[in-house]
>>> print(open('input.txt').read())   # compact mmCIF, C-alpha atoms
# COMPACT_ATOMS: atom_id res chain seq x y z
CA MET A 1092 -26.29 -17.80 -15.61
CA PRO A 1093 -24.17 -14.63 -15.31
CA GLY A 1094 -23.61 -13.23 -11.83
CA PRO A 1095 -24.46 -9.75 -10.57
CA ARG A 1096 -22.49 -6.80 -11.93
CA ALA A 1097 -19.77 -4.95 -10.03
CA VAL A 1098 -18.11 -1.78 -11.30
CA VAL A 1099 -14.72 -0.82 -9.86
CA ILE A 1100 -13.73 2.83 -10.33
CA GLY A 1101 -9.93 3.01 -10.36
CA SER A 1102 -7.30 0.48 -11.44
CA GLY A 1103 -4.77 0.89 -8.67
CA ILE A 1104 -3.51 -1.95 -6.50
CA GLY A 1105 -6.60 -2.12 -4.30
CA GLY A 1106 -9.09 -1.75 -7.14
CA LEU A 1107 -7.49 -4.48 -9.23
CA THR A 1108 -7.20 -6.82 -6.24
CA ALA A 1109 -10.90 -6.32 -5.50
CA ALA A 1110 -11.77 -6.88 -9.15
CA VAL A 1111 -9.92 -10.20 -9.29
CA ALA A 1112 -11.32 -11.40 -5.96
CA LEU A 1113 -14.90 -10.39 -6.86
CA ARG A 1114 -14.66 -12.09 -10.23
CA LEU A 1115 -13.37 -15.30 -8.65
CA SER A 1116 -16.36 -15.29 -6.29
CA GLY A 1117 -18.84 -15.02 -9.17
CA TRP A 1118 -19.34 -11.33 -9.93
CA GLN A 1119 -19.24 -9.86 -13.43
CA VAL A 1120 -16.60 -7.15 -13.02
CA THR A 1121 -15.81 -4.02 -15.02
CA VAL A 1122 -12.89 -1.79 -14.03
CA LEU A 1123 -13.07 1.84 -15.16
CA GLU A 1124 -9.77 3.73 -15.30
CA ARG A 1125 -9.38 7.40 -16.19
CA ALA A 1126 -5.80 7.05 -17.46
CA ALA A 1127 -5.09 5.90 -20.99
CA SER A 1128 -3.23 2.79 -19.81
CA LEU A 1129 -2.45 0.75 -16.71
CA GLU A 1130 1.13 2.00 -16.58
CA PRO A 1131 1.24 3.16 -12.95
CA VAL A 1132 2.72 6.35 -11.63
CA GLY A 1133 5.09 5.30 -8.89
CA ALA A 1134 8.28 3.51 -8.02
CA GLY A 1135 8.58 0.72 -5.47
CA ILE A 1136 6.23 -0.75 -2.91
CA GLY A 1137 6.95 -2.94 0.07
CA LEU A 1138 4.64 -5.93 0.47
CA ALA A 1139 4.60 -7.21 4.03
CA PRO A 1140 3.47 -10.73 4.97
CA ASN A 1141 -0.10 -9.53 5.59
CA ALA A 1142 -0.45 -8.42 1.95
CA GLN A 1143 1.25 -11.59 0.71
CA ARG A 1144 -1.28 -13.72 2.59
CA ALA A 1145 -4.10 -11.63 1.13
CA LEU A 1146 -2.70 -12.27 -2.35
CA ASP A 1147 -2.62 -16.00 -1.56
CA VAL A 1148 -6.42 -15.88 -1.81
CA ILE A 1149 -6.19 -15.00 -5.51
CA GLY A 1150 -3.22 -17.26 -6.18
CA LEU A 1151 -0.49 -14.59 -6.31
CA GLY A 1152 1.22 -14.83 -2.93
CA ASP A 1153 3.99 -17.19 -3.98
CA ASP A 1154 4.70 -15.11 -7.10
CA ILE A 1155 5.37 -12.15 -4.83
CA ARG A 1156 7.44 -14.11 -2.29
CA ASP A 1157 9.69 -15.25 -5.13
CA MET A 1158 10.64 -11.59 -5.65
CA ALA A 1159 12.10 -11.17 -2.15
CA ALA A 1160 15.55 -9.58 -2.37
CA TRP A 1161 16.36 -8.63 1.23
CA GLN A 1162 18.74 -11.17 2.74
CA GLY A 1163 20.79 -10.67 5.89
CA ASP A 1164 21.08 -7.58 8.04
CA GLY A 1165 19.40 -4.21 7.82
CA GLY A 1166 18.07 -1.54 10.11
CA MET A 1167 18.05 2.14 10.93
CA ARG A 1168 20.98 4.57 10.81
CA ASP A 1169 21.72 8.21 11.45
CA PRO A 1170 23.01 10.52 8.66
CA GLY A 1171 26.62 9.86 9.68
CA GLY A 1172 26.12 6.12 9.19
CA ARG A 1173 25.90 4.99 12.82
CA TRP A 1174 23.44 2.13 13.28
CA LEU A 1175 20.57 3.11 15.55
CA SER A 1176 18.86 -0.26 15.40
CA ARG A 1177 19.56 -3.57 13.71
CA THR A 1178 17.37 -6.37 12.49
CA ASN A 1179 17.58 -9.03 9.80
CA SER A 1180 15.40 -10.63 7.20
CA ALA A 1181 15.28 -13.99 8.98
CA ALA A 1182 13.98 -12.46 12.21
CA ALA A 1183 11.28 -10.58 10.32
CA ALA A 1184 10.23 -13.66 8.37
CA GLU A 1185 10.12 -15.79 11.51
CA ARG A 1186 8.06 -13.28 13.47
CA PHE A 1187 5.48 -12.56 10.78
CA GLY A 1188 5.48 -15.72 8.70
CA GLY A 1189 7.13 -14.33 5.59
CA PRO A 1190 9.67 -11.89 4.16
CA LEU A 1191 9.30 -8.23 3.35
CA VAL A 1192 9.22 -8.03 -0.45
CA LEU A 1193 10.07 -4.87 -2.39
CA VAL A 1194 8.67 -4.78 -5.93
CA HIS A 1195 8.17 -2.14 -8.56
CA ARG A 1196 4.56 -0.97 -8.69
CA ALA A 1197 4.46 -1.63 -12.43
CA THR A 1198 5.33 -5.28 -11.78
CA LEU A 1199 2.66 -5.65 -9.11
CA ILE A 1200 -0.02 -3.98 -11.24
CA GLU A 1201 0.85 -6.25 -14.18
CA ARG A 1202 0.71 -9.41 -12.05
CA ILE A 1203 -2.71 -8.58 -10.59
CA ALA A 1204 -4.20 -7.30 -13.85
CA SER A 1205 -3.09 -10.47 -15.63
CA ARG A 1206 -5.74 -12.33 -13.60
CA LEU A 1207 -8.51 -10.37 -15.36
CA PRO A 1208 -9.76 -10.82 -18.92
CA ALA A 1209 -8.58 -8.04 -21.21
CA ASP A 1210 -12.07 -6.68 -21.72
CA ALA A 1211 -12.67 -6.32 -17.97
CA VAL A 1212 -10.52 -3.19 -17.74
CA ARG A 1213 -11.58 -0.07 -19.64
CA THR A 1214 -8.82 2.53 -19.76
CA GLY A 1215 -9.40 6.10 -20.87
CA SER A 1216 -12.78 5.88 -19.15
CA PRO A 1217 -13.30 8.48 -16.42
CA ALA A 1218 -16.28 7.61 -14.26
CA ALA A 1219 -18.46 9.41 -11.74
CA LEU A 1220 -20.92 8.01 -9.22
CA ALA A 1221 -24.38 9.35 -10.09
CA ASP A 1222 -26.34 7.32 -7.54
CA PRO A 1223 -25.00 4.99 -4.81
CA GLY A 1224 -28.12 2.86 -5.17
CA VAL A 1225 -30.25 1.14 -2.55
CA VAL A 1226 -29.79 -2.49 -1.54
CA GLY A 1227 -33.06 -4.26 -2.21
CA GLY A 1228 -34.11 -1.36 -4.42
CA ARG A 1229 -32.62 0.62 -7.26
CA PRO A 1230 -29.17 -0.22 -8.67
CA ALA A 1231 -26.18 2.09 -8.37
CA ARG A 1232 -25.47 4.26 -11.41
CA VAL A 1233 -22.10 5.32 -12.82
CA THR A 1234 -21.69 7.84 -15.62
CA THR A 1235 -18.93 7.52 -18.24
CA PRO A 1236 -18.20 9.21 -21.57
CA GLY A 1237 -19.67 6.12 -23.22
CA GLY A 1238 -22.93 6.31 -21.32
CA GLU A 1239 -24.40 5.33 -17.98
CA ILE A 1240 -23.77 1.97 -16.31
CA GLU A 1241 -26.06 0.34 -13.76
CA ALA A 1242 -24.45 -1.95 -11.21
CA ASP A 1243 -25.39 -4.14 -8.29
CA LEU A 1244 -22.17 -3.00 -6.58
CA VAL A 1245 -19.83 -0.04 -7.13
CA VAL A 1246 -16.34 0.01 -5.63
CA GLY A 1247 -14.71 3.42 -5.23
CA ALA A 1248 -10.97 2.79 -5.50
CA GLU A 1249 -9.78 5.98 -7.15
CA GLY A 1250 -7.36 7.15 -4.49
CA ILE A 1251 -7.02 9.84 -1.86
CA ASN A 1252 -8.97 12.48 -3.79
CA SER A 1253 -11.87 10.09 -4.32
CA ALA A 1254 -14.94 11.70 -5.83
CA VAL A 1255 -16.96 8.64 -4.80
CA ARG A 1256 -16.07 9.33 -1.15
CA ARG A 1257 -17.29 12.90 -1.46
CA VAL A 1258 -20.63 11.68 -2.85
CA LEU A 1259 -21.08 9.14 -0.06
CA PHE A 1260 -19.87 11.34 2.81
CA PRO A 1261 -20.10 15.01 1.80
CA GLU A 1262 -19.76 16.21 5.42
CA HIS A 1263 -16.41 14.51 6.01
CA PRO A 1264 -13.48 16.99 6.01
CA GLY A 1265 -11.40 14.81 3.69
CA PRO A 1266 -7.61 14.48 3.63
CA SER A 1267 -5.27 16.81 5.49
CA TYR A 1268 -1.58 17.59 4.94
CA SER A 1269 0.72 15.47 7.10
CA GLY A 1270 3.46 18.10 7.24
CA PHE A 1271 6.02 16.38 5.02
CA THR A 1272 6.79 15.60 1.41
CA THR A 1273 8.33 12.49 -0.17
CA TRP A 1274 10.62 11.56 -3.05
CA ARG A 1275 10.96 8.16 -4.75
CA VAL A 1276 13.38 6.85 -7.33
CA VAL A 1277 14.50 3.56 -8.88
CA VAL A 1278 18.15 3.37 -9.99
CA PRO A 1279 20.80 0.76 -10.92
CA ALA A 1280 22.58 -0.81 -7.95
CA PRO A 1281 25.75 0.97 -6.76
CA ASP A 1282 29.13 -0.66 -7.28
CA LEU A 1283 29.66 -1.44 -3.59
CA PRO A 1284 27.26 -3.68 -1.64
CA PHE A 1285 25.24 -2.19 1.22
CA ALA A 1286 22.87 -3.32 3.94
CA PRO A 1287 19.26 -2.21 3.38
CA HIS A 1288 18.55 0.69 5.67
CA GLU A 1289 16.32 3.56 6.64
CA THR A 1290 18.24 6.60 7.84
CA TRP A 1291 16.64 9.17 10.14
CA GLY A 1292 17.90 12.73 10.44
CA SER A 1293 16.42 15.99 11.66
CA GLY A 1294 12.95 16.24 10.14
CA ALA A 1295 14.01 13.91 7.31
CA LEU A 1296 14.61 10.28 6.42
CA TRP A 1297 16.09 8.25 3.59
CA GLY A 1298 15.55 4.58 2.69
CA THR A 1299 17.60 2.37 0.35
CA GLN A 1300 16.18 -1.06 -0.50
CA PRO A 1301 17.10 -3.70 -3.13
CA LEU A 1302 14.73 -5.03 -5.79
CA LYS A 1303 14.96 -8.60 -7.09
CA ASP A 1304 15.86 -7.39 -10.60
CA GLY A 1305 19.09 -5.83 -9.30
CA ARG A 1306 17.89 -2.25 -9.17
CA ILE A 1307 17.54 -0.12 -6.05
CA TYR A 1308 14.35 1.47 -4.76
CA ALA A 1309 15.14 4.59 -2.73
CA TYR A 1310 12.75 6.92 -0.96
CA ALA A 1311 13.10 10.06 1.10
CA ALA A 1312 10.87 12.30 3.20
CA ALA A 1313 11.32 15.71 4.77
CA VAL A 1314 9.32 18.30 6.64
CA ALA A 1315 8.28 20.96 4.11
CA PRO A 1316 5.45 23.39 3.42
CA ALA A 1317 2.60 21.93 1.39
CA GLY A 1318 3.03 22.52 -2.33
CA ALA A 1319 6.73 23.46 -2.13
CA ARG A 1320 8.88 22.42 -5.09
CA ALA A 1321 12.54 22.77 -6.03
CA ALA A 1322 13.44 25.88 -8.02
CA ASP A 1323 15.62 23.76 -10.36
CA ASP A 1324 14.80 20.04 -10.18
CA GLU A 1325 14.09 17.44 -7.52
CA LYS A 1326 17.37 15.60 -8.02
CA ALA A 1327 19.18 18.79 -7.11
CA GLU A 1328 16.90 19.14 -4.08
CA LEU A 1329 17.80 15.62 -2.95
CA LEU A 1330 21.49 16.44 -3.27
CA ARG A 1331 21.04 19.57 -1.16
CA ARG A 1332 19.13 17.72 1.55
CA PHE A 1333 20.80 14.30 1.56
CA GLY A 1334 24.05 14.58 -0.45
CA SER A 1335 26.19 14.69 2.70
CA TRP A 1336 24.58 11.65 4.31
CA HIS A 1337 26.36 8.31 4.55
CA ASP A 1338 27.10 5.95 1.64
CA PRO A 1339 25.46 4.77 -0.56
CA ILE A 1340 23.02 7.71 -0.43
CA PRO A 1341 25.08 10.24 -2.46
CA ALA A 1342 25.76 7.61 -5.15
CA ILE A 1343 22.07 6.71 -5.35
CA ILE A 1344 21.10 10.34 -5.88
CA THR A 1345 23.86 10.84 -8.47
CA ALA A 1346 22.58 7.83 -10.43
CA ALA A 1347 19.01 9.14 -10.57
CA GLU A 1348 17.57 10.63 -13.77
CA PRO A 1349 16.20 14.08 -12.84
CA ASP A 1350 12.97 13.52 -14.78
CA LEU A 1351 12.34 10.23 -12.96
CA VAL A 1352 12.55 11.57 -9.41
CA LEU A 1353 8.99 11.55 -8.11
CA ARG A 1354 7.90 14.05 -5.47
CA ASN A 1355 4.56 13.99 -3.67
CA ASP A 1356 3.23 15.76 -0.61
CA VAL A 1357 1.73 13.34 1.89
CA HIS A 1358 -1.91 13.76 2.86
CA HIS A 1359 -3.87 11.39 5.06
CA LEU A 1360 -7.41 10.78 6.29
CA ILE A 1361 -6.63 11.29 9.94
CA GLU A 1362 -10.34 11.53 10.79
CA PRO A 1363 -11.94 8.14 10.05
CA LEU A 1364 -15.02 7.90 7.89
CA PRO A 1365 -18.27 6.89 9.62
CA ALA A 1366 -18.41 3.79 7.40
CA PHE A 1367 -16.84 2.46 4.21
CA HIS A 1368 -20.15 1.98 2.40
CA ARG A 1369 -23.51 3.51 1.64
CA GLY A 1370 -26.24 1.89 -0.40
CA ARG A 1371 -24.66 -0.37 -3.03
CA THR A 1372 -21.38 1.56 -3.07
CA VAL A 1373 -18.23 0.83 -1.09
CA LEU A 1374 -14.79 2.41 -0.66
CA LEU A 1375 -11.36 0.83 -0.33
CA GLY A 1376 -7.69 1.78 -0.25
CA ASP A 1377 -6.68 5.44 -0.10
CA ALA A 1378 -10.25 6.46 -0.92
CA ALA A 1379 -11.26 5.00 2.44
CA HIS A 1380 -8.21 5.38 4.69
CA ALA A 1381 -5.25 7.21 3.15
CA MET A 1382 -2.27 7.04 5.51
CA ALA A 1383 1.29 8.31 5.83
CA PRO A 1384 3.84 5.93 4.27
CA THR A 1385 5.91 5.64 7.46
CA LEU A 1386 4.79 2.03 8.11
CA GLY A 1387 4.73 1.15 4.41
CA GLN A 1388 1.16 -0.13 4.75
CA GLY A 1389 -0.92 1.94 2.33
CA GLY A 1390 -0.89 -0.54 -0.55
CA ASN A 1391 -0.89 -3.50 1.84
CA GLN A 1392 -4.10 -2.36 3.48
CA ALA A 1393 -5.70 -1.76 0.07
CA ILE A 1394 -4.92 -5.35 -0.90
CA GLU A 1395 -6.45 -6.58 2.35
CA ASP A 1396 -9.54 -4.46 1.61
CA GLY A 1397 -10.10 -6.06 -1.78
CA ILE A 1398 -9.86 -9.59 -0.40
CA VAL A 1399 -12.08 -8.94 2.63
CA LEU A 1400 -14.69 -7.15 0.51
CA ALA A 1401 -15.03 -10.09 -1.87
CA HIS A 1402 -15.25 -12.46 1.09
CA HIS A 1403 -18.24 -10.62 2.57
CA VAL A 1404 -20.23 -9.86 -0.59
CA ALA A 1405 -20.74 -13.27 -2.14
CA PRO A 1406 -23.17 -12.95 -5.10
CA GLU A 1407 -25.71 -15.26 -3.50
CA GLY A 1408 -25.50 -13.55 -0.09
CA ASP A 1409 -27.16 -10.59 1.60
CA LEU A 1410 -25.41 -7.55 0.11
CA ALA A 1411 -26.49 -5.15 2.87
CA ALA A 1412 -25.19 -7.48 5.56
CA GLY A 1413 -22.00 -8.13 3.59
CA LEU A 1414 -21.17 -4.46 3.15
CA ALA A 1415 -21.91 -3.78 6.81
CA ALA A 1416 -19.59 -6.64 7.78
CA TYR A 1417 -16.86 -5.25 5.51
CA SER A 1418 -17.10 -1.80 7.14
CA ALA A 1419 -17.17 -3.32 10.62
CA GLU A 1420 -14.07 -5.41 9.93
CA ARG A 1421 -11.99 -2.94 7.96
CA LEU A 1422 -12.73 0.45 9.51
CA PRO A 1423 -11.24 -0.12 12.99
CA ARG A 1424 -8.20 -1.96 11.63
CA THR A 1425 -7.32 0.67 9.05
CA ALA A 1426 -8.05 3.55 11.43
CA ALA A 1427 -5.52 2.06 13.85
CA VAL A 1428 -2.90 1.77 11.10
CA VAL A 1429 -3.59 5.39 10.03
CA ARG A 1430 -3.03 6.53 13.63
CA LYS A 1431 0.15 4.50 14.08
CA SER A 1432 1.53 5.76 10.77
CA ALA A 1433 0.86 9.33 11.90
CA GLN A 1434 2.64 8.67 15.21
CA ILE A 1435 5.73 7.38 13.38
CA ALA A 1436 5.55 10.41 11.07
CA ARG A 1437 5.65 12.72 14.08
CA LEU A 1438 8.80 11.01 15.34
CA MET A 1439 10.40 11.38 11.91
CA SER A 1440 9.38 15.05 11.80
CA LEU A 1441 11.27 16.06 14.95
CA THR A 1442 13.68 18.88 14.17
CA SER A 1443 15.03 20.18 17.50
CA THR A 1444 18.49 18.86 18.33
CA PRO A 1445 17.61 17.66 21.86
CA ALA A 1446 14.45 15.86 20.65
CA VAL A 1447 16.31 14.13 17.81
CA ALA A 1448 19.06 13.06 20.21
CA VAL A 1449 16.53 11.55 22.64
CA ARG A 1450 14.73 9.76 19.80
CA ASN A 1451 17.94 8.25 18.47
CA THR A 1452 19.08 7.20 21.95
CA LEU A 1453 15.78 5.39 22.54
CA MET A 1454 16.06 3.63 19.18
CA SER A 1455 19.55 2.42 20.03
CA ALA A 1456 18.48 1.28 23.49
CA VAL A 1457 15.57 -0.73 22.13
CA SER A 1458 17.77 -2.33 19.47
CA ARG A 1459 20.26 -3.55 22.07
CA LEU A 1460 17.46 -5.58 23.65
CA GLY A 1461 17.06 -7.61 20.45
CA PRO A 1462 15.60 -7.37 16.94
CA GLY A 1463 12.25 -8.65 18.19
CA LEU A 1464 11.60 -5.39 20.02
CA VAL A 1465 12.27 -3.38 16.85
CA LEU A 1466 9.90 -5.57 14.85
CA ARG A 1467 7.21 -5.27 17.53
CA THR A 1468 6.02 -2.08 15.80
CA PHE A 1469 4.39 -4.33 13.20
CA ASP A 1470 2.68 -6.70 15.63
CA GLY A 1471 -1.02 -6.80 14.84
CA ILE A 1472 -0.31 -5.51 11.32
CA ALA A 1473 2.09 -7.80 9.46
CA ASP A 1474 0.73 -10.93 11.18
CA TRP A 1475 -2.83 -10.44 9.82
CA GLN A 1476 -4.53 -13.46 8.28
CA PRO A 1477 -7.20 -13.38 5.52
CA PRO A 1478 -10.68 -14.67 6.35
CA GLN A 1479 -10.35 -17.44 3.74
CA ARG A 1480 -8.17 -20.53 3.91
CA THR A 1481 -5.49 -20.53 1.23
CA TYR A 1482 -3.01 -22.96 -0.25
CA ALA A 1483 -0.23 -21.17 1.66
CA ALA A 1484 -2.00 -21.24 5.03
CA GLY A 1485 -3.05 -24.80 5.68
CA ALA A 1486 -5.25 -25.81 2.77
CA GLN A 1487 -2.62 -28.28 1.57
CA ASP A 1488 -4.55 -31.08 3.25
CA VAL A 1489 -7.44 -30.34 0.91
CA PRO A 1490 -6.06 -31.11 -2.59
CA GLU A 1491 -8.98 -29.59 -4.48
CA ALA A 1492 -8.71 -26.35 -2.50
CA GLN A 1493 -4.98 -26.19 -3.18
CA SER A 1494 -5.48 -26.81 -6.90
CA ALA A 1495 -8.26 -24.24 -7.15
CA GLN A 1496 -6.26 -21.52 -5.42
CA ARG A 1497 -3.17 -22.07 -7.56
CA GLN A 1498 -5.26 -21.90 -10.71
CA GLY A 1499 -6.99 -18.72 -9.57
CA ARG A 1500 -10.39 -20.44 -9.11
CA PRO A 1501 -12.64 -19.74 -6.11
CA LEU A 1502 -12.94 -22.41 -3.45
>>> encode(input="input.txt", output="structure tokens")
Amino acid sequence: MPGPRAVVIGSGIGGLTAAVALRLSGWQVTVLERAASLEPVGAGIGLAPNAQRALDVIGLGDDIRDMAAWQGDGGMRDPGGRWLSRTNSAAAAERFGGPLVLVHRATLIERIASRLPADAVRTGSPAALADPGVVGGRPARVTTPGGEIEADLVVGAEGINSAVRRVLFPEHPGPSYSGFTTWRVVVPAPDLPFAPHETWGSGALWGTQPLKDGRIYAYAAAVAPAGARAADDEKAELLRRFGSWHDPIPAIITAAEPDLVLRNDVHHLIEPLPAFHRGRTVLLGDAAHAMAPTLGQGGNQAIEDGIVLAHHVAPEGDLAAGLAAYSAERLPRTAAVVRKSAQIARLMSLTSTPAVAVRNTLMSAVSRLGPGLVLRTFDGIADWQPPQRTYAAGAQDVPEAQSAQRQGRPL
């Protein structure tokens, strides 16, 4: 007998994770994506141990861990190259139970989507929430160019400008500008080796991180007016802002294709929503809690959302209670990560010379006390555990559970 029907609006990382997890728990799942294909707009993404453990639930955690490229030292520097703080991959893995893994978003999307049947994802299918539905009463309704769809559950996962969120919570002010813009690029590795680093300057930062395939994922941020763009191209803008910073930054910028430099202003939902659900409709990812990228947790929290949602809304369970439990579990956690990300963004955005000097001195002082103090920023975030037991977290003593998880079957 077929299970109840769930419709996921949006095929980003969080939406696809939710779709896979819901399907494994017994839901019939349809993903509606406005774009013509699943080729994602983006560059790299860092998956911390919390997201890897979430992906263990759908059998993908080890696939991601195998892509880890960071080995040895790394840390934070100033534009002249002086190390402000040092850490290493072993210390991070020991503290949080796994490595930090940098992957290309296209790779991650492909790996998650591969767990769905081909007909579960409908591209070129913009969707709008017509009715959030009533649990115990009428179904939710979604309109598409091909007609209207009724669903027992609708998941709004269409990003920071979510139309589903506006339908559910029309009084909420929505996202606000964080005060800075970002650039991202993926390039071939430079000739000379380098230690992975994030470099902080005056109202700006740069990060250079290796990918397993040998390429480099680089990102930058700077205080700028909302909507500002380079008069020529964004590669030239990066050279103006960061071309005099320490190696390998100038070489990374030089290697970038101008048309492949991505620039995006950063907006966040600094005011939390009152809940993540209403009726039969629920929000996840940036639609629910968009955050600044300064902790690298946006995609990680979306993955957590998808796993926790499927855990609470088992097809045979009480949907109203499950959605309430999802909101109660996810809202305070993500609101705290949004706030902490904003705090880190404010530190990055300092522009006065005395304030930058004090910030850098404090970073250096903390680093001298040991890498554990630097990593403490991620305590309570990267050490998160999913609500389900998984093959990678102690289910090895239950052979059937281990086999089911590795094959992508629900326990």
>>> residues_around(input="input.txt", residues="A:Gln1476", least_positions_apart="3", cutoff="8 Å", atoms="all atoms listed in the file", output="number ranges by chain")
A: 1141, 1144-1145
>>> residues_around(input="input.txt", residues="stretch 1409-1424 of chain A", least_positions_apart="2", cutoff="8 Å", atoms="all atoms listed in the file", output="compact mmCIF listing (two decimals) with C-alpha atoms, in the frame of the given file")
# COMPACT_ATOMS: atom_id res chain seq x y z
CA VAL A 1226 -29.79 -2.49 -1.54
CA PRO A 1363 -11.94 8.14 10.05
CA LEU A 1364 -15.02 7.90 7.89
CA ALA A 1366 -18.41 3.79 7.40
CA PHE A 1367 -16.84 2.46 4.21
CA HIS A 1368 -20.15 1.98 2.40
CA GLY A 1370 -26.24 1.89 -0.40
CA ARG A 1371 -24.66 -0.37 -3.03
CA VAL A 1373 -18.23 0.83 -1.09
CA ASP A 1396 -9.54 -4.46 1.61
CA VAL A 1399 -12.08 -8.94 2.63
CA LEU A 1400 -14.69 -7.15 0.51
CA HIS A 1403 -18.24 -10.62 2.57
CA VAL A 1404 -20.23 -9.86 -0.59
CA ALA A 1405 -20.74 -13.27 -2.14
CA PRO A 1406 -23.17 -12.95 -5.10
CA GLU A 1407 -25.71 -15.26 -3.50
CA ALA A 1426 -8.05 3.55 11.43
CA ALA A 1427 -5.52 2.06 13.85
CA VAL A 1428 -2.90 1.77 11.10
>>> residues_around(input="input.txt", residues="A:Ala1446", least_positions_apart="5", cutoff="12 Å", atoms="only C-alpha atoms", output="list in words")
Gly1292, Ser1293, Gly1294, Arg1437, Leu1438, Met1439, Ser1440, Leu1441, Asn1451, Thr1452 and Leu1453 of chain A
>>> closest_residue(input="input.txt", among="A:Ala1184, A:Ile1472, A:Leu1466, A:Ala1436", to="A:Met1454", atoms="all atoms listed in the file")
A:Leu1466
>>> residues_near_point(input="input.txt", point="(12.0, -8.7, 5.1)", cutoff="9 Å", atoms="all atoms listed in the file", output="list of chain:residue names")
A:Ala1139, A:Pro1140, A:Ala1159, A:Ala1160, A:Trp1161, A:Gln1162, A:Asn1179, A:Ser1180, A:Ala1181, A:Ala1182, A:Ala1183, A:Ala1184, A:Gly1189, A:Pro1190, A:Leu1191, A:Val1192, A:Leu1193
>>> write_last_selection(input="input.txt", atoms="C-alpha atoms", output="short mmCIF file (atom, residue, chain, number, x, y, z; two decimals), in the coordinates of the input")
data_model
loop_
_atom_site.label_atom_id
_atom_site.label_comp_id
_atom_site.auth_asym_id
_atom_site.auth_seq_id
_atom_site.Cartn_x
_atom_site.Cartn_y
_atom_site.Cartn_z
CA ALA A 1139 4.60 -7.21 4.03
CA PRO A 1140 3.47 -10.73 4.97
CA ALA A 1159 12.10 -11.17 -2.15
CA ALA A 1160 15.55 -9.58 -2.37
CA TRP A 1161 16.36 -8.63 1.23
CA GLN A 1162 18.74 -11.17 2.74
CA ASN A 1179 17.58 -9.03 9.80
CA SER A 1180 15.40 -10.63 7.20
CA ALA A 1181 15.28 -13.99 8.98
CA ALA A 1182 13.98 -12.46 12.21
CA ALA A 1183 11.28 -10.58 10.32
CA ALA A 1184 10.23 -13.66 8.37
CA GLY A 1189 7.13 -14.33 5.59
CA PRO A 1190 9.67 -11.89 4.16
CA LEU A 1191 9.30 -8.23 3.35
CA VAL A 1192 9.22 -8.03 -0.45
CA LEU A 1193 10.07 -4.87 -2.39
#
>>> atom_distance(input="input.txt", atom1="atom CA of A:Ile1251", atom2="atom CA of A:Gly1471")
24.3 Å
>>> closest_residue(input="input.txt", among="A:Gly1397, A:Pro1264, A:Gly1094, A:Thr1235", to="A:Val1111", atoms="all atoms listed in the file")
A:Gly1397
>>> residues_around(input="input.txt", residues="A:Ala1242", least_positions_apart="3", cutoff="6 Å", atoms="only C-alpha atoms", output="mmCIF file with C-alpha atoms, in the coordinates of the input")
data_model
loop_
_atom_site.group_PDB
_atom_site.id
_atom_site.type_symbol
_atom_site.label_atom_id
_atom_site.label_comp_id
_atom_site.auth_asym_id
_atom_site.auth_seq_id
_atom_site.Cartn_x
_atom_site.Cartn_y
_atom_site.Cartn_z
ATOM 1 C CA ARG A 1096 -22.490 -6.800 -11.930
ATOM 2 C CA ALA A 1097 -19.770 -4.950 -10.030
ATOM 3 C CA PRO A 1230 -29.170 -0.220 -8.670
ATOM 4 C CA ALA A 1231 -26.180 2.090 -8.370
#
>>> closest_residue(input="input.txt", among="A:Val1148, A:Ala1134, A:Ala1204, A:Ala1254", to="A:Tyr1308", atoms="all atoms listed in the file")
A:Ala1134
>>> closest_residue(input="input.txt", among="A:Pro1349, A:Gly1389, A:Gly1101, A:Gly1228", to="A:Leu1330", atoms="all atoms listed in the file")
A:Pro1349
>>> residues_near_point(input="input.txt", point="(18.7, 8.0, -5.9)", cutoff="6 Å", atoms="all atoms listed in the file", output="list in words")
Val1276, Ala1309, Ile1343, Ile1344, Ala1346 and Ala1347 of chain A
>>> write_last_selection(input="input.txt", atoms="C-alpha atoms", output="mmCIF file, keeping the file's coordinate frame")
data_model
loop_
_atom_site.group_PDB
_atom_site.id
_atom_site.type_symbol
_atom_site.label_atom_id
_atom_site.label_comp_id
_atom_site.auth_asym_id
_atom_site.auth_seq_id
_atom_site.Cartn_x
_atom_site.Cartn_y
_atom_site.Cartn_z
ATOM 1 C CA VAL A 1276 13.380 6.850 -7.330
ATOM 2 C CA ALA A 1309 15.140 4.590 -2.730
ATOM 3 C CA ILE A 1343 22.070 6.710 -5.350
ATOM 4 C CA ILE A 1344 21.100 10.340 -5.880
ATOM 5 C CA ALA A 1346 22.580 7.830 -10.430
ATOM 6 C CA ALA A 1347 19.010 9.140 -10.570
#
>>> closest_residue(input="input.txt", among="A:Gly1305, A:Gly1103, A:Pro1261, A:Pro1095", to="A:Gly1408", atoms="all atoms listed in the file")
A:Pro1095
>>> atom_distance(input="input.txt", atom1="atom CA of A:Met1382", atom2="atom CA of A:Ile1361")
7.5 Å
>>> residues_around(input="input.txt", residues="A:Leu1220", least_positions_apart="5", cutoff="8 Å", atoms="only C-alpha atoms", output="ChimeraX atom specification")
/A:1231-1234,1254-1255,1258
>>> write_last_selection(input="input.txt", atoms="C-alpha atoms", output="compact mmCIF listing (two decimals), in the coordinates of the input")
# COMPACT_ATOMS: atom_id res chain seq x y z
CA ALA A 1231 -26.18 2.09 -8.37
CA ARG A 1232 -25.47 4.26 -11.41
CA VAL A 1233 -22.10 5.32 -12.82
CA THR A 1234 -21.69 7.84 -15.62
CA ALA A 1254 -14.94 11.70 -5.83
CA VAL A 1255 -16.96 8.64 -4.80
CA VAL A 1258 -20.63 11.68 -2.85
